[in-house]
Every structure is written in structure tokens, then in C-alpha cells.
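The next block holds one structure in the form of C-alpha cells; read it before the comments.
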Amino acid sequence: MDFTIKCGNPEKQRSACLVVGLFETRRLSTAAKAIDSASKKHLSNILKRGDINGKIGQSLLLHDIPGISSSRILLIGCGKEKDLSPSHYRKIVKNSINKLKTTGATEAVSCLTELNIKTGDDSKDEYWKIRQFVEISQSTLYEFNQLKSKNKKPKNKLRKLVLMIPERKDFSAGESAIKDGTAIANGVSLARDLANMPPNICTPSYLADQAKKLGRAQKSIKVTVLDEAAMKKLGMESLLSVSQGSRQPAKLITMEYKGGKKDEKPVVLVGKGVTFDTGGISIKPSAAMDEMKFDMCGAASVFGTITAIAEMRLPIHVIGVVPTVENMPGGEATRPGDIYTSMSGQTIEVLNTDAEGRLILCDALTYSERFDPAAVIDIATLTGACVVALGKHASGLLSNHDPLAREILDAGENTGDRAWRLPLWDEYQSQIDSPFADMANIGGREAGTITAACFLSRFTKKFHWAHLDIAGTAWLTGKNKGATGRPVPMLVQYLIDRCS
Ligand code: BES
Ligand code: MN
Ligand code: ZN
């Protein structure tokens, strides 16, 4: 999609479709007012017929309005003007794109970026509105067709979108919003593509190859891949215990983006890359097991975040670490009761082979110590309990450092890719006591998301650390089944905020 910004009168825009907002109840937005007066009240006369009252979700497509240069006018319901929040804005933009898709228009001019979006006693600036517009429209237009034998081509005909800004002085903010928004949207799309890929194709080796491909395409990203022999040497018995039941060899991928000052400490992003999670010997029930191909969404979000910041040339040092395995049952698979020694030297009794994410993450976290990180954030589809607690709207956040947690929460709020913090109190730690090893890999039925994080916290004592449990947010089920690309927007925003 080609985005441009423009400053001018809506009624004079010559396009296939001009998109304008309508508030409840039949109150014209600024752009709609301009259309109305240029058309000698044509618009208000149509509105009197009652076909639309302005509720969010409503829309009305009008053709050949007299006095208007565009051939179509698309009215989009914006709800009550005084309630126009960031989340309403996101819905409105999404609705407008979905509606545009159903028209024959290949290009359009949208005036929705002129809306006044309120947050508390402030309102969102042009940069925010335009960047959100770009991210949301790209996300709404996303399709995954590459493995269909027919209809591989995108169904969407829309090629060009012009976004209106009210004042010329906002031009450069608008331009950088389009650049950044496009970079983030590309990162989100990459994360979705990787995650939607079926598990027979998207194996640990495939992810390693994709990382190398990224390193070749982006000079600023340096990629290294460790194989099982190298991991064995490092003492990563915990990680390797997960892949030993699979024919697919484990990989440890490192992607380094160095855009910051010479000796700037890096932010390390660690992404869970279980390319398929059968549960292992503690095998999962078969219903919806196909969705366990999404168990590498944490890894995918690291890929997406790194490509986005590289495209933006963000002045920051970031290292992505992706431990990637397939969790299978088999003659050589881990048995419940096995005890393994992690890279940290701590021993782990594996009571449930389906709690495998923490087993690969703990070694990747210990490995991250070597980078002397400013902060480490791991991203993982870690617990079903998190889906029960927070649903699909918020990722779970647990952290050993309050300021880091705050920054991540704020970045989520800003982008609409939100997280909610859960406690990591000492009281929970005893749930993962083991009579035979330093710890068990499960903590019982209660507080499953927290005890998983308690496990990880034993490997993150040497740095500021946050854990994002994205089990509920990384993909959608049902008729919209597919990866969401979350939390790429939140992570990129966090990194942007760190730069200023
Ligand atoms: N990948 C799953 C978590 C998951 C389950 C994410 C369902 C999204 C939807 C993870 O490896 C897992 O199986 N976790 C177990 C942990 C339990 C055995 C302590 C779970 O949540 O049931
Ligand atoms: Mn599992
Ligand atoms: Zn898993």
C-alpha cells in the first residue's frame, strides 16, 4: 500500500472515494461539513432519511454527490464526538478499510486522520493518528494466501491511500508517521507470516534460515545460529531436553541490531520458538492442537520487532535471542520425572513435559547474560492460565524491575497493544519446590502464569527483566484464526521511547 499525506479541502479532492466521519446522532465531522456545504446541503438531506445515525460500525456509501470532485463519499460512523477515544479511533479506521475493500476503489482519500482523539485531558497528535492509521489499515488488509493453490493473489484492490492533515505545519510529523508506521506494519506482517506458516514448514531450521535471510537483506542485522552440539557445549541441557524427542534439531538464533552508540548496552529480546507443541509425553488433547503451531509467536515477534527497528534505523542496540525447538513425544523424549541441569547449573525436575517453554527460555536467559544487557524482555506463549486470566485483550506482564514494567505498560497503552501486570511475589516461589531437584517445572493448578514466571525469575537475577506471556494475544481462534503479530507494536514503541 502506498500512503501519502495531503493538506487541502476535502470537497476538492479528486479520488475514487473520499472517507469522512459522521458522529452520533447524524452530526457532521469537519470534513463532512465541508462536503455538505460544497454540495448545497445534499449530504444533510440524505442523512434526514435516517439510513445512518453515526454509531460506530455503521457506514454509508454515496455516489456522485453534486459539487464534489470525488466519485464516492464513504461516511463512517464515529460514535459520540465526546467519547472519541484511541480505541474507538482504531475501530473506526478498521471499519473504514473493511468497507473500502468492498467498493471498487483502488485508491481513496481519508479524512479520518483529522478527527480529534481524546486521552484524558489531552488529544492525540498527527504523528500518532497517522502512524496508527497506517498500522491498522495494513493489519486489516493482511492476508495469508501463499499456500493456496488458487487465489494466491491478494483479494484487496486498494493500492493507494491519501491521508488528510488539517495544517501544513504537521507535514513532517505526518511523513515520519508514515515511515515508522510502515516499518512497524512490515514487522507485524513478518511476525504473522512466520506464525501462520504450518509446522511442517516452519521448523527450527526454517526459522534459522529465515534469520539468516534477514541478516543478508539488512546489513545492520548480524545473525548467528548455534546448533545442538554448540548448545551442548554451553551446558544447555534444559533446552535440549525439549527437542530430544523430535527429529528436528534445536537451534539457538541470535540477531543483533546495533544502531546505537558504540558501547551502548543492549536490550535483549528473548522469544519462545516452539514450532510445534504436542506437549511431549505429557501429550495434549487433540482438540485445537493445530493451534500449537503458534507456539513460536514469541520468536516471531522478535523477528518482527528487529526488522521494524532496522527499517526505522532506530538509534539503539537490540539483540534478539530465539531458542527454537519442536516438542514431540518419542522413544528419546523426556519422561516426566527426568532431571536436567540447566546452563545456570540449577537442576530441574521435569514433572510435565508440556511445560516446555520455560525449559528452553531458562537457558536462553542465562545465555543472555553474556551480552551485559541493559534489560531483557522475554516473549512467550507460555501458559493457558494467562488466557483464562486476561483473555485475548491483554498480554500478561511480570517483571523484577518496576521502571521497566512501567515503560512496557506505557508502550502498550500508547499502541493499543496492551499488557497487564501480575505479581511476582516470593510467596508463589514455593509452588515450584521439588523434593529431588532445585526446582520443578510446574507449580500446580493455582496461579499458573505466575509460577511459570517464578521459574524464569530464577534465571534472571543478574539483570532487569520482564516477561510477556502472550498466550492469549498472539493469535485469534474461530473464523478469524491467525496470528496477530502482537506484541510487535508494543515492543517497537518501548524501544522508540527508550531512544528519547
Ligand atoms: N504453549 C503452551 C501454552 C498455551 C496453551 C498457550 C494453550 C496458548 C494456548 C505451553 O507450552 C503449555 O503447554 N503450558 C501448560 C503448562 C502446564 C503444563 C503447567 C499449560 O498452560 O497448560
Ligand atoms: Mn506446552
Ligand atoms: Zn508451549
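Residues in the C-alpha cells are named by chain (A, B, ... in the order shown) and by number from 1 within that chain; ligands are numbered from 1 in the order shown.
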Where does chain A meet ligand 3 within 6 Å, residue by residue, with the nearest atom pair and distance in Å to one decimal for each, counting only C-alpha atoms and all ligand atoms, listed by chain and rising number, as a Markdown table?
| residue | atom | partner | partner_atom_place_in_ligand_line | distance |
| --- | --- | --- | --- | --- |
| A:Asp277 | CA | ligand 3 | 1 (Zn) | 5.2 |
| A:Asp295 | CA | ligand 3 | 1 (Zn) | 5.4 |
| A:Glu356 | CA | ligand 3 | 1 (Zn) | 5.8 |
| A:Gly357 | CA | ligand 3 | 1 (Zn) | 5.1 |
| A:Leu382 | CA | ligand 3 | 1 (Zn) | 5.9 |
Compute the set of protein, DNA and RNA residues whose minimum atom distance to ligand 2 is at most 9 Å, using only C-alpha atoms and all ligand atoms, and state it as a compact mmCIF listing (two decimals) with all heavy atoms, in the first residue's frame.
# COMPACT_ATOMS: atom_id res chain seq x y z
N VAL A 274 8.83 -22.46 20.03
CA VAL A 274 8.42 -23.86 19.92
C VAL A 274 7.59 -23.98 18.63
O VAL A 274 6.46 -23.48 18.57
CB VAL A 274 7.63 -24.33 21.16
CG1 VAL A 274 7.15 -25.77 20.99
CG2 VAL A 274 8.51 -24.23 22.41
N ASP A 277 4.02 -27.63 19.54
CA ASP A 277 3.98 -28.12 20.92
C ASP A 277 2.91 -29.20 21.07
O ASP A 277 1.73 -28.90 21.27
CB ASP A 277 3.69 -26.94 21.87
CG ASP A 277 3.67 -27.38 23.33
OD1 ASP A 277 4.09 -28.52 23.62
OD2 ASP A 277 3.24 -26.57 24.18
N THR A 278 3.34 -30.45 20.95
CA THR A 278 2.38 -31.55 21.17
C THR A 278 2.15 -31.77 22.66
O THR A 278 1.23 -32.47 23.06
CB THR A 278 2.93 -32.89 20.63
OG1 THR A 278 4.11 -33.22 21.38
CG2 THR A 278 3.24 -32.82 19.16
N GLY A 279 3.03 -31.20 23.47
CA GLY A 279 3.02 -31.50 24.90
C GLY A 279 4.10 -32.52 25.25
O GLY A 279 4.46 -32.68 26.40
N GLY A 280 4.60 -33.24 24.25
CA GLY A 280 5.59 -34.28 24.52
C GLY A 280 4.90 -35.50 25.13
O GLY A 280 3.74 -35.78 24.82
N SER A 282 3.73 -35.86 28.06
CA SER A 282 2.51 -35.33 28.72
C SER A 282 1.63 -34.73 27.62
O SER A 282 1.36 -33.53 27.59
CB SER A 282 2.86 -34.25 29.73
OG SER A 282 3.97 -34.61 30.52
N ILE A 283 1.20 -35.60 26.72
CA ILE A 283 0.64 -35.13 25.45
C ILE A 283 -0.67 -34.36 25.62
O ILE A 283 -1.45 -34.64 26.54
CB ILE A 283 0.48 -36.31 24.46
CG1 ILE A 283 0.36 -35.82 23.02
CG2 ILE A 283 -0.69 -37.21 24.87
CD1 ILE A 283 0.71 -36.89 22.00
N LYS A 284 -0.87 -33.38 24.76
CA LYS A 284 -2.06 -32.54 24.82
C LYS A 284 -3.26 -33.28 24.25
O LYS A 284 -3.10 -34.15 23.40
CB LYS A 284 -1.84 -31.28 23.98
CG LYS A 284 -0.89 -30.27 24.58
CD LYS A 284 -0.76 -29.06 23.68
CE LYS A 284 0.19 -28.03 24.27
NZ LYS A 284 -0.27 -27.42 25.52
N MET A 292 -1.17 -25.18 18.20
CA MET A 292 0.17 -25.18 18.82
C MET A 292 1.30 -24.93 17.82
O MET A 292 2.47 -24.88 18.17
CB MET A 292 0.37 -26.46 19.63
CG MET A 292 -0.37 -26.40 20.96
SD MET A 292 0.22 -25.03 22.00
CE MET A 292 -1.24 -23.99 22.10
N ASP A 295 2.97 -21.72 18.77
CA ASP A 295 3.78 -21.66 19.98
C ASP A 295 5.16 -21.04 19.74
O ASP A 295 6.01 -21.05 20.62
CB ASP A 295 3.90 -23.07 20.58
CG ASP A 295 3.97 -23.05 22.09
OD1 ASP A 295 3.65 -22.01 22.69
OD2 ASP A 295 4.34 -24.09 22.68
N ASN A 327 8.45 -29.73 20.17
CA ASN A 327 8.18 -30.56 21.35
C ASN A 327 7.35 -31.77 20.95
O ASN A 327 6.16 -31.66 20.70
CB ASN A 327 7.43 -29.72 22.40
CG ASN A 327 7.27 -30.46 23.74
OD1 ASN A 327 8.00 -31.41 24.02
ND2 ASN A 327 6.31 -30.01 24.54
N ASN A 352 6.20 -32.23 34.04
CA ASN A 352 5.24 -32.20 32.93
C ASN A 352 5.99 -31.73 31.70
O ASN A 352 6.51 -30.62 31.68
CB ASN A 352 4.08 -31.27 33.30
CG ASN A 352 2.94 -31.35 32.28
OD1 ASN A 352 3.18 -31.46 31.08
ND2 ASN A 352 1.71 -31.33 32.77
N THR A 353 6.03 -32.59 30.69
CA THR A 353 6.81 -32.23 29.50
C THR A 353 6.10 -31.17 28.66
O THR A 353 6.67 -30.66 27.70
CB THR A 353 7.11 -33.46 28.61
OG1 THR A 353 5.87 -33.99 28.13
CG2 THR A 353 7.85 -34.53 29.40
N ASP A 354 4.86 -30.86 29.03
CA ASP A 354 4.13 -29.81 28.32
C ASP A 354 4.47 -28.41 28.86
O ASP A 354 4.10 -27.40 28.27
CB ASP A 354 2.62 -30.07 28.45
CG ASP A 354 1.82 -29.30 27.40
OD1 ASP A 354 2.44 -28.73 26.48
OD2 ASP A 354 0.57 -29.27 27.52
N ALA A 355 5.17 -28.36 29.97
CA ALA A 355 5.66 -27.05 30.44
C ALA A 355 7.08 -26.87 29.90
O ALA A 355 8.06 -26.78 30.64
CB ALA A 355 5.63 -26.99 31.97
N GLU A 356 7.16 -26.85 28.56
CA GLU A 356 8.46 -26.88 27.88
C GLU A 356 9.01 -25.49 27.59
O GLU A 356 10.22 -25.32 27.46
CB GLU A 356 8.34 -27.68 26.57
CG GLU A 356 7.81 -26.90 25.35
CD GLU A 356 6.41 -26.36 25.49
OE1 GLU A 356 5.66 -26.88 26.36
OE2 GLU A 356 6.04 -25.40 24.78
N GLY A 357 8.10 -24.51 27.51
CA GLY A 357 8.54 -23.16 27.14
C GLY A 357 9.58 -22.65 28.11
O GLY A 357 10.66 -22.16 27.72
N THR A 381 4.41 -17.59 24.40
CA THR A 381 3.06 -18.17 24.54
C THR A 381 3.18 -19.23 25.63
O THR A 381 3.21 -20.42 25.34
CB THR A 381 2.65 -18.82 23.21
OG1 THR A 381 3.74 -19.64 22.76
CG2 THR A 381 2.34 -17.78 22.14
N LEU A 382 3.25 -18.77 26.88
CA LEU A 382 3.74 -19.66 27.92
C LEU A 382 2.69 -20.48 28.65
O LEU A 382 2.90 -21.64 28.93
CB LEU A 382 4.60 -18.88 28.92
CG LEU A 382 5.63 -19.74 29.66
CD1 LEU A 382 6.64 -20.34 28.70
CD2 LEU A 382 6.35 -18.95 30.73
N THR A 383 1.55 -19.84 28.98
CA THR A 383 0.58 -20.59 29.80
C THR A 383 -0.87 -20.41 29.35
O THR A 383 -1.32 -19.30 29.06
CB THR A 383 0.66 -20.15 31.29
OG1 THR A 383 0.29 -18.77 31.39
CG2 THR A 383 2.04 -20.37 31.88
N GLY A 384 -1.59 -21.52 29.33
CA GLY A 384 -3.04 -21.47 29.10
C GLY A 384 -3.70 -20.65 30.21
O GLY A 384 -4.73 -20.00 29.99
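Interatomic distance, atom CA of A:Leu240 against atom CA of A:Arg445: 26.1 Å.
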For the strand (DSSP E) assignment from backbone DSSP, which residues of stretch 391-475 of chain A qualify? Please present them as an MDAnalysis selection string.
chainID A and resid 395:399 419:421 439:440 465:469 475
Have a look at A:Gln132, A:Ser110, A:Ser286, A:Ser15 and name the one nearest to ligand 1; count only C-alpha atoms and all ligand atoms.
A:Ser286
